[in-house]
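Trainee: Structure file run30.txt (compact mmCIF, C-alpha atoms) is given on the next line.
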# COMPACT_ATOMS: atom_id res chain seq x y z
CA MET O 1 -26.68 -55.81 -5.51
CA SER O 2 -27.22 -52.18 -6.38
CA LYS O 3 -24.25 -49.92 -6.91
CA MET O 4 -23.08 -47.86 -3.96
CA ILE O 5 -22.68 -44.10 -4.29
CA THR O 6 -19.06 -43.02 -4.09
CA VAL O 7 -18.34 -40.80 -1.10
CA ALA O 8 -15.30 -39.06 0.26
CA LYS O 9 -12.97 -40.75 2.71
CA PRO O 10 -12.32 -39.26 6.14
CA ASP O 11 -10.13 -36.27 5.37
CA ALA O 12 -6.63 -37.01 6.67
CA LYS O 13 -5.65 -33.39 6.09
CA LEU O 14 -8.65 -31.95 7.90
CA LYS O 15 -7.76 -30.71 11.38
CA ASN O 16 -9.85 -32.22 14.12
CA ARG O 17 -13.01 -30.28 14.84
CA TYR O 18 -14.32 -29.57 18.31
CA ILE O 19 -17.60 -29.01 20.10
CA THR O 20 -18.54 -28.54 23.74
CA ARG O 21 -21.40 -30.13 25.62
CA LYS O 22 -23.26 -29.49 28.84
CA THR O 23 -23.29 -33.15 29.94
CA LEU O 24 -21.30 -36.29 29.20
CA LEU O 25 -22.42 -39.24 31.36
CA TYR O 26 -25.97 -40.53 30.94
CA ARG O 27 -27.98 -43.59 31.86
CA SER O 28 -28.36 -46.00 29.00
CA GLY O 29 -31.68 -47.48 27.97
CA VAL O 30 -29.89 -50.49 26.52
CA GLU O 31 -30.59 -53.75 28.35
CA GLY O 32 -27.65 -54.86 30.46
CA SER O 33 -25.97 -51.47 30.31
CA ASP O 34 -25.61 -48.81 32.99
CA PHE O 35 -24.06 -45.41 32.38
CA CYS O 36 -22.36 -44.52 29.12
CA LEU O 37 -20.72 -41.59 27.36
CA ASN O 38 -19.94 -40.40 23.84
CA HIS O 39 -16.99 -38.01 23.66
CA ALA O 40 -17.18 -37.40 19.92
CA GLU O 41 -19.90 -36.49 17.43
CA GLY O 42 -19.56 -38.73 14.41
CA CYS O 43 -17.33 -41.68 13.55
CA SER O 44 -14.58 -41.98 10.96
CA HIS O 45 -15.28 -45.70 10.46
CA GLY O 46 -18.02 -44.73 8.02
CA CYS O 47 -20.20 -47.86 8.22
CA ARG O 48 -22.77 -47.96 5.42
CA PHE O 49 -25.52 -50.24 6.76
CA PRO O 50 -26.35 -47.33 7.33
CA CYS O 51 -25.15 -46.53 10.86
CA TYR O 52 -28.15 -46.10 13.17
CA ALA O 53 -26.29 -43.46 15.21
CA MET O 54 -25.68 -41.37 12.09
CA LEU O 55 -29.37 -41.54 11.17
CA ILE O 56 -30.38 -40.39 14.66
CA LYS O 57 -27.91 -37.51 14.61
CA LYS O 58 -29.07 -36.46 11.13
CA ARG O 59 -32.71 -36.39 12.26
CA ALA O 60 -31.69 -34.27 15.23
CA GLY O 61 -29.77 -31.88 12.96
CA ARG O 62 -26.45 -32.66 14.66
CA VAL O 63 -24.71 -33.79 11.46
CA LYS O 64 -25.40 -32.72 7.89
CA ASP O 65 -24.59 -35.84 5.90
CA TYR O 66 -22.34 -38.89 5.64
CA ASN O 67 -19.21 -36.87 4.89
CA ASP O 68 -19.85 -34.66 7.93
CA TRP O 69 -20.35 -37.80 10.06
CA ILE O 70 -17.07 -39.48 9.03
CA ASN O 71 -15.05 -36.41 10.03
CA PRO O 72 -16.03 -36.46 13.72
CA LYS O 73 -16.05 -33.56 16.15
CA ILE O 74 -14.34 -34.11 19.51
CA VAL O 75 -16.07 -33.00 22.71
CA SER O 76 -13.30 -30.72 23.94
CA ASN O 77 -14.61 -30.35 27.50
CA SER O 78 -15.06 -34.11 28.09
CA LEU O 79 -12.58 -34.35 30.95
CA GLU O 80 -13.95 -31.26 32.71
CA LEU O 81 -17.50 -32.64 32.48
CA LEU O 82 -16.31 -36.01 33.71
CA GLU O 83 -14.80 -34.48 36.85
CA LYS O 84 -18.11 -32.85 37.76
CA GLU O 85 -20.27 -35.83 36.89
CA ILE O 86 -18.16 -38.42 38.67
CA ALA O 87 -18.80 -36.48 41.88
CA ARG O 88 -22.53 -36.39 41.09
CA TYR O 89 -23.04 -40.00 40.00
CA LYS O 90 -20.21 -41.94 41.65
CA ASN O 91 -22.43 -43.81 44.10
CA LYS O 92 -24.95 -44.66 41.37
CA ILE O 93 -22.59 -45.96 38.66
CA GLU O 94 -22.04 -49.69 38.28
CA HIS O 95 -20.02 -49.31 35.09
CA VAL O 96 -19.57 -46.91 32.17
CA HIS O 97 -19.78 -48.03 28.54
CA LEU O 98 -17.71 -46.51 25.72
CA CYS O 99 -19.58 -45.91 23.38
CA TYR O 100 -23.02 -46.20 21.75
CA SER O 101 -23.04 -43.39 19.18
CA THR O 102 -19.35 -43.15 18.36
CA ASP O 103 -16.23 -45.34 18.65
CA PRO O 104 -13.64 -44.86 21.41
CA PHE O 105 -10.79 -46.28 19.34
CA MET O 106 -11.45 -45.13 15.80
CA TYR O 107 -8.89 -46.67 13.49
CA LYS O 108 -6.12 -44.16 12.69
CA ASN O 109 -7.53 -41.40 14.90
CA PRO O 110 -4.88 -40.92 17.62
CA GLU O 111 -6.46 -37.89 19.32
CA ILE O 112 -9.72 -39.68 20.08
CA LYS O 113 -7.71 -42.71 21.24
CA ARG O 114 -5.74 -40.53 23.68
CA LEU O 115 -8.91 -38.95 25.03
CA SER O 116 -10.55 -42.37 25.48
CA LEU O 117 -7.56 -43.60 27.46
CA LYS O 118 -7.66 -40.53 29.72
CA ILE O 119 -11.38 -41.03 30.33
CA ILE O 120 -10.97 -44.71 31.20
CA GLU O 121 -8.03 -43.94 33.49
CA ARG O 122 -10.02 -41.28 35.32
CA LEU O 123 -13.03 -43.55 35.81
CA ASN O 124 -10.85 -46.45 36.96
CA LYS O 125 -9.19 -44.16 39.49
CA GLU O 126 -12.60 -43.93 41.17
CA ASN O 127 -13.00 -47.73 41.02
CA ILE O 128 -15.54 -47.39 38.22
CA ARG O 129 -15.06 -50.14 35.68
CA CYS O 130 -15.46 -49.54 31.98
CA THR O 131 -16.77 -51.63 29.13
CA VAL O 132 -15.40 -50.91 25.67
CA LEU O 133 -16.77 -51.79 22.22
CA THR O 134 -14.87 -50.89 19.06
CA LYS O 135 -14.32 -51.63 15.39
CA GLY O 136 -10.80 -50.35 15.85
CA ILE O 137 -7.81 -51.74 17.74
CA ILE O 138 -7.93 -51.93 21.54
CA PRO O 139 -4.72 -50.31 22.83
CA LYS O 140 -2.43 -52.73 24.66
CA SER O 141 -1.71 -50.00 27.20
CA LEU O 142 -5.10 -50.76 28.78
CA ALA O 143 -3.54 -53.91 30.21
CA ASN O 144 -1.29 -51.74 32.41
CA LEU O 145 -2.75 -52.38 35.86
CA ASN O 146 -0.82 -49.46 37.34
CA LYS O 147 -3.16 -47.14 35.42
CA TYR O 148 -6.23 -49.17 34.51
CA SER O 149 -8.59 -51.59 36.23
CA ARG O 150 -8.47 -55.38 36.02
CA ASN O 151 -12.29 -55.23 35.98
CA ASN O 152 -12.56 -53.46 32.62
CA GLU O 153 -14.19 -55.48 29.84
CA PHE O 154 -13.30 -55.29 26.16
CA GLY O 155 -15.26 -56.07 23.03
CA ILE O 156 -15.12 -55.80 19.28
CA THR O 157 -17.85 -55.82 16.66
CA LEU O 158 -17.37 -58.66 14.17
CA ILE O 159 -20.03 -59.62 11.64
CA SER O 160 -17.90 -60.98 8.82
CA LEU O 161 -14.42 -62.09 7.82
CA ASP O 162 -14.88 -61.14 4.16
CA PRO O 163 -12.59 -58.25 3.12
CA LYS O 164 -14.90 -57.32 0.22
CA PHE O 165 -17.83 -56.96 2.62
CA LYS O 166 -15.66 -54.79 4.88
CA GLU O 167 -14.61 -52.59 1.95
CA ARG O 168 -18.23 -52.07 0.96
CA PHE O 169 -19.97 -51.70 4.32
CA GLU O 170 -17.30 -51.01 6.96
CA PRO O 171 -14.78 -49.17 4.78
CA TYR O 172 -12.56 -47.36 7.29
CA THR O 173 -12.65 -49.77 10.23
CA ALA O 174 -9.69 -51.85 11.37
CA PRO O 175 -9.06 -55.10 9.45
CA TYR O 176 -10.92 -58.05 10.92
CA ASP O 177 -7.77 -60.02 11.75
CA LEU O 178 -6.30 -57.08 13.68
CA ARG O 179 -9.51 -56.64 15.66
CA ILE O 180 -9.50 -60.30 16.66
CA GLU O 181 -5.80 -60.22 17.56
CA SER O 182 -6.25 -57.17 19.78
CA LEU O 183 -9.15 -58.83 21.63
CA LYS O 184 -7.25 -62.09 22.02
CA TYR O 185 -4.39 -60.15 23.63
CA PHE O 186 -6.71 -59.03 26.42
CA HIS O 187 -8.16 -62.51 26.79
CA LYS O 188 -4.66 -63.86 27.34
CA LYS O 189 -4.10 -61.12 29.94
CA GLY O 190 -7.11 -62.38 31.87
CA PHE O 191 -9.67 -59.69 31.01
CA LYS O 192 -13.28 -60.42 30.12
CA THR O 193 -13.85 -60.19 26.38
CA MET O 194 -16.93 -59.92 24.19
CA ILE O 195 -17.96 -60.14 20.55
CA CYS O 196 -20.87 -58.11 19.19
CA MET O 197 -22.27 -59.80 16.06
CA GLU O 198 -24.73 -57.09 15.13
CA PRO O 199 -26.02 -56.19 12.61
CA TYR O 200 -25.40 -59.65 11.20
CA PRO O 201 -25.94 -59.52 7.40
CA THR O 202 -28.25 -61.67 5.30
CA PRO O 203 -26.84 -63.57 2.29
CA ASN O 204 -27.97 -60.87 -0.14
CA PHE O 205 -25.26 -58.73 1.51
CA VAL O 206 -22.58 -61.41 1.74
CA ILE O 207 -22.53 -65.18 1.43
CA GLN O 208 -20.55 -66.50 4.36
CA ASP O 209 -20.32 -69.36 6.84
CA LEU O 210 -21.28 -68.26 10.35
CA SER O 211 -19.47 -71.30 11.78
CA LYS O 212 -16.14 -70.08 10.40
CA ILE O 213 -16.59 -66.71 12.10
CA LEU O 214 -17.54 -68.37 15.39
CA SER O 215 -14.50 -70.64 15.25
CA ARG O 216 -12.25 -67.58 15.22
CA ILE O 217 -13.70 -66.18 18.43
CA SER O 218 -14.15 -69.27 20.58
CA PHE O 219 -11.92 -67.71 23.28
CA VAL O 220 -14.34 -64.93 24.26
CA ASP O 221 -16.49 -64.77 27.39
CA LYS O 222 -19.65 -63.44 25.73
CA ILE O 223 -21.32 -63.19 22.32
CA VAL O 224 -24.13 -60.77 21.50
CA PHE O 225 -26.01 -61.58 18.29
CA GLY O 226 -28.54 -59.42 16.46
CA LYS O 227 -30.03 -59.07 13.01
CA MET O 228 -29.76 -56.31 10.44
CA ASN O 229 -32.94 -54.28 10.33
CA TYR O 230 -32.68 -51.95 7.34
CA ASN O 231 -30.65 -50.84 4.38
CA PRO O 232 -31.71 -48.61 1.47
CA ALA O 233 -29.40 -50.23 -1.09
CA VAL O 234 -30.06 -53.90 -0.37
CA SER O 235 -33.29 -54.37 1.52
CA VAL O 236 -32.98 -56.95 4.27
CA LYS O 237 -36.71 -57.62 4.10
CA ARG O 238 -36.42 -58.67 0.46
CA PHE O 239 -34.35 -61.67 1.42
CA PRO O 240 -36.55 -64.79 1.11
CA GLY O 241 -36.80 -66.81 4.28
CA LEU O 242 -35.59 -63.90 6.42
CA ASN O 243 -37.06 -65.13 9.71
CA LYS O 244 -35.84 -68.69 9.20
CA PHE O 245 -32.36 -67.44 8.33
CA TYR O 246 -32.01 -65.49 11.58
CA LYS O 247 -33.58 -68.25 13.67
CA ASP O 248 -31.09 -70.73 12.24
CA CYS O 249 -28.21 -68.32 12.90
CA ALA O 250 -29.37 -67.68 16.45
CA ARG O 251 -29.60 -71.40 17.18
CA LYS O 252 -26.10 -71.89 15.79
CA VAL O 253 -24.73 -69.13 18.03
CA VAL O 254 -26.51 -70.55 21.09
CA ASP O 255 -25.28 -74.10 20.42
CA PHE O 256 -21.72 -72.90 19.80
CA SER O 257 -21.79 -70.87 23.01
CA LYS O 258 -22.99 -73.83 25.08
CA ILE O 259 -20.27 -76.11 23.73
CA ASN O 260 -17.57 -73.50 24.39
CA HIS O 261 -18.96 -72.29 27.74
CA ILE O 262 -19.56 -68.77 26.45
CA ASP O 263 -22.27 -66.43 27.73
CA CYS O 264 -24.69 -65.70 24.92
CA TYR O 265 -27.25 -62.97 24.41
CA ILE O 266 -29.59 -63.06 21.41
CA LYS O 267 -31.35 -59.76 20.80
CA SER O 268 -35.09 -60.09 21.39
CA GLU O 269 -36.15 -59.34 17.81
CA THR O 270 -33.73 -62.04 16.60
CA ALA O 271 -34.62 -64.73 19.16
CA PHE O 272 -36.24 -67.98 18.04
Represent the supplied structure as structure tokens.
Mentor:
Amino acid sequence: MSKMITVAKPDAKLKNRYITRKTLLYRSGVEGSDFCLNHAEGCSHGCRFPCYAMLIKKRAGRVKDYNDWINPKIVSNSLELLEKEIARYKNKIEHVHLCYSTDPFMYKNPEIKRLSLKIIERLNKENIRCTVLTKGIIPKSLANLNKYSRNNEFGITLISLDPKFKERFEPYTAPYDLRIESLKYFHKKGFKTMICMEPYPTPNFVIQDLSKILSRISFVDKIVFGKMNYNPAVSVKRFPGLNKFYKDCARKVVDFSKINHIDCYIKSETAF
């Protein structure tokens, strides 16, 4: 594997930066999703696949480079926009997803966590349920039914259990064990839970046993599985038997889901 370029960590001393936007809620083009929002620009998790959201924002001129991306800017008028847009879209919203181009519970970023909780609370107050996907830790406070909805759904992204893979490709995310524990807490509380296994890496990224990962998350209600599409350092397409590898993985996920009575969604480009 080629050597990675050393980059700066998220700057713990850097004060949070802020931007304003004209809109917050928008309809998602993602299958199975409804409305969504992104209340930060960038993500301190610093995934190096590279992150598709970072590439999109770079092309649009919204972020300069990786180091700019991993020191995210908070949308300071998120709550004000939400008030206006709830009134506009309330009768059209089935649910709101947090988030597609950032992370609502960035590991070790308390201000974004607080804002995410306020947003979810406000939406739930209008009987709008939320779906959450994170590589951080889901706050236990979301199980407080005096503030939040029983209908909220929680998910984590989990594509490996290998700490060396995490250090290389998901450097500033929450440890895998902590992610799983936080999701299991909500399962035990009776909430719907989900695992996103995308982008699942080929063996030229990490040699691992998919069955061992699946065995750790047999409690969830849904698994979404998808392949890795690109990487400049270790080309996915150079892996011999690429299509067979993903077909075999997809079959394994489907079979596991059937045995454990788990809903399963295989992304179309990964399906066999």
Trainee: Considering only C-alpha atoms, give me a table of residues in segment 76-161 of chain O that are at most 10 Å from segment 204-212 of chain O, with the closest atom pair and distance in Å for each, as JSON lines.
Mentor:
{"residue": "O:Ile159", "atom": "CA", "partner": "O:Leu210", "partner_atom": "CA", "distance": 8.8}
{"residue": "O:Ser160", "atom": "CA", "partner": "O:Gln208", "partner_atom": "CA", "distance": 7.6}
{"residue": "O:Leu161", "atom": "CA", "partner": "O:Gln208", "partner_atom": "CA", "distance": 8.3}
Trainee: List every protein, DNA or RNA residue that has an atom no more than 7 Å from (-25.4, -42.1, 18.7) in the file's coordinate frame, counting all atoms listed in the file, and report them as a ChimeraX atom specification.
Mentor: /O:53-54,56-57,100-102
Trainee: Rounded to one decimal, what separation in Å do you get between atom CA of Tyr185 of chain O and atom CA of Met197 of chain O?
Mentor: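 For atom CA of Tyr185 of chain O relative to atom CA of Met197 of chain O, the distance reads 19.4 Å.
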Trainee: Show which residues sit within 12 Å of Ser215 of chain O, as a list in words. Count only C-alpha atoms, and ignore same-chain residues fewer than 5 positions away.
Mentor: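 Residues near the query, excluding close chain neighbours: Leu161, Ile180, Asp209, Leu210, Val220, Lys252, Val253, Phe256, Ser257, Ile259 and Asn260 of chain O.
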Trainee: Can you list every residue of segment 135-243 of chain O that has an atom at most 7 Å from segment 107-120 of chain O, with its nearest atom pair and the distance in Å to one decimal, using all atoms listed in the file, ordered by chain then number, as a Markdown table?
Mentor:
| residue | atom | partner | partner_atom | distance |
| --- | --- | --- | --- | --- |
| O:Gly136 | CA | O:Tyr107 | CA | 4.8 |
| O:Ile137 | CA | O:Tyr107 | CA | 6.7 |
| O:Thr173 | CA | O:Tyr107 | CA | 5.9 |
| O:Ala174 | CA | O:Tyr107 | CA | 5.7 |
Trainee: Assuming 6 Å of padding per side, give the centre and edge lengths of the axis-aligned box around every listed atom of segment 48-61 of chain O, in Å to one decimal and as AutoDock Vina command-line options.
Mentor:
--center_x -27.7 --center_y -41.1 --center_z 10.3 --size_x 21.9 --size_y 30.4 --size_z 21.8
Trainee: Between atom CA of Asp11 of chain O and atom CA of Cys47 of chain O, what is the distance in Å, rounded to a tenth?
Mentor: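 Atom-to-atom, atom CA of Asp11 of chain O to atom CA of Cys47 of chain O, that is 15.6 Å.
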Trainee: Which residue out of O:Trp69, O:Phe219, O:Phe186, O:Tyr26 has the minimum interatomic distance to Glu153 of chain O when all atoms listed in the file are used?
Mentor: O:Phe186
Trainee: If we count only C-alpha atoms and set the cut-off at 12 Å, which residues sit around Tyr176 of chain O, ignoring sequence neighbours fewer than 2 positions away in its own chain? Please answer as JSON, numbers by chain.
Mentor: {"O": [107, 134, 135, 136, 137, 156, 157, 158, 159, 160, 161, 162, 163, 164, 165, 166, 167, 170, 171, 172, 173, 174, 178, 179, 180, 181, 182, 183, 213, 216, 217]}
Trainee: Got a minute to add N, CA and C atoms to segment 210-226 of chain O and dump it as a compact mmCIF listing (two decimals), keeping the file's coordinate frame?
Mentor:
# COMPACT_ATOMS: atom_id res chain seq x y z
N LEU O 210 -21.29 -68.75 8.97
CA LEU O 210 -21.28 -68.26 10.35
C LEU O 210 -20.37 -69.12 11.23
N SER O 211 -20.30 -70.41 10.96
CA SER O 211 -19.47 -71.30 11.78
C SER O 211 -18.00 -70.92 11.71
N LYS O 212 -17.55 -70.47 10.55
CA LYS O 212 -16.14 -70.08 10.40
C LYS O 212 -15.84 -68.83 11.23
N ILE O 213 -16.79 -67.91 11.29
CA ILE O 213 -16.59 -66.71 12.10
C ILE O 213 -16.55 -67.11 13.57
N LEU O 214 -17.49 -67.94 13.99
CA LEU O 214 -17.54 -68.37 15.39
C LEU O 214 -16.27 -69.09 15.80
N SER O 215 -15.71 -69.89 14.90
CA SER O 215 -14.50 -70.64 15.25
C SER O 215 -13.32 -69.73 15.54
N ARG O 216 -13.34 -68.52 14.99
CA ARG O 216 -12.25 -67.58 15.22
C ARG O 216 -12.34 -66.89 16.58
N ILE O 217 -13.51 -66.94 17.20
CA ILE O 217 -13.70 -66.18 18.43
C ILE O 217 -14.15 -67.08 19.58
N SER O 218 -13.73 -68.32 19.55
CA SER O 218 -14.15 -69.27 20.58
C SER O 218 -13.55 -68.97 21.95
N PHE O 219 -12.60 -68.04 22.02
CA PHE O 219 -11.92 -67.71 23.28
C PHE O 219 -12.69 -66.69 24.12
N VAL O 220 -13.71 -66.04 23.57
CA VAL O 220 -14.34 -64.93 24.26
C VAL O 220 -15.25 -65.40 25.39
N ASP O 221 -15.61 -64.46 26.26
CA ASP O 221 -16.49 -64.77 27.39
C ASP O 221 -17.96 -64.58 27.05
N LYS O 222 -18.24 -63.74 26.03
CA LYS O 222 -19.65 -63.44 25.73
C LYS O 222 -19.80 -63.12 24.24
N ILE O 223 -20.94 -63.54 23.70
CA ILE O 223 -21.32 -63.19 22.32
C ILE O 223 -22.69 -62.56 22.35
N VAL O 224 -22.83 -61.42 21.70
CA VAL O 224 -24.13 -60.77 21.50
C VAL O 224 -24.46 -60.87 20.01
N PHE O 225 -25.64 -61.38 19.69
CA PHE O 225 -26.01 -61.58 18.29
C PHE O 225 -27.31 -60.86 17.99
N GLY O 226 -27.33 -60.13 16.86
CA GLY O 226 -28.54 -59.42 16.46
C GLY O 226 -28.61 -59.27 14.96
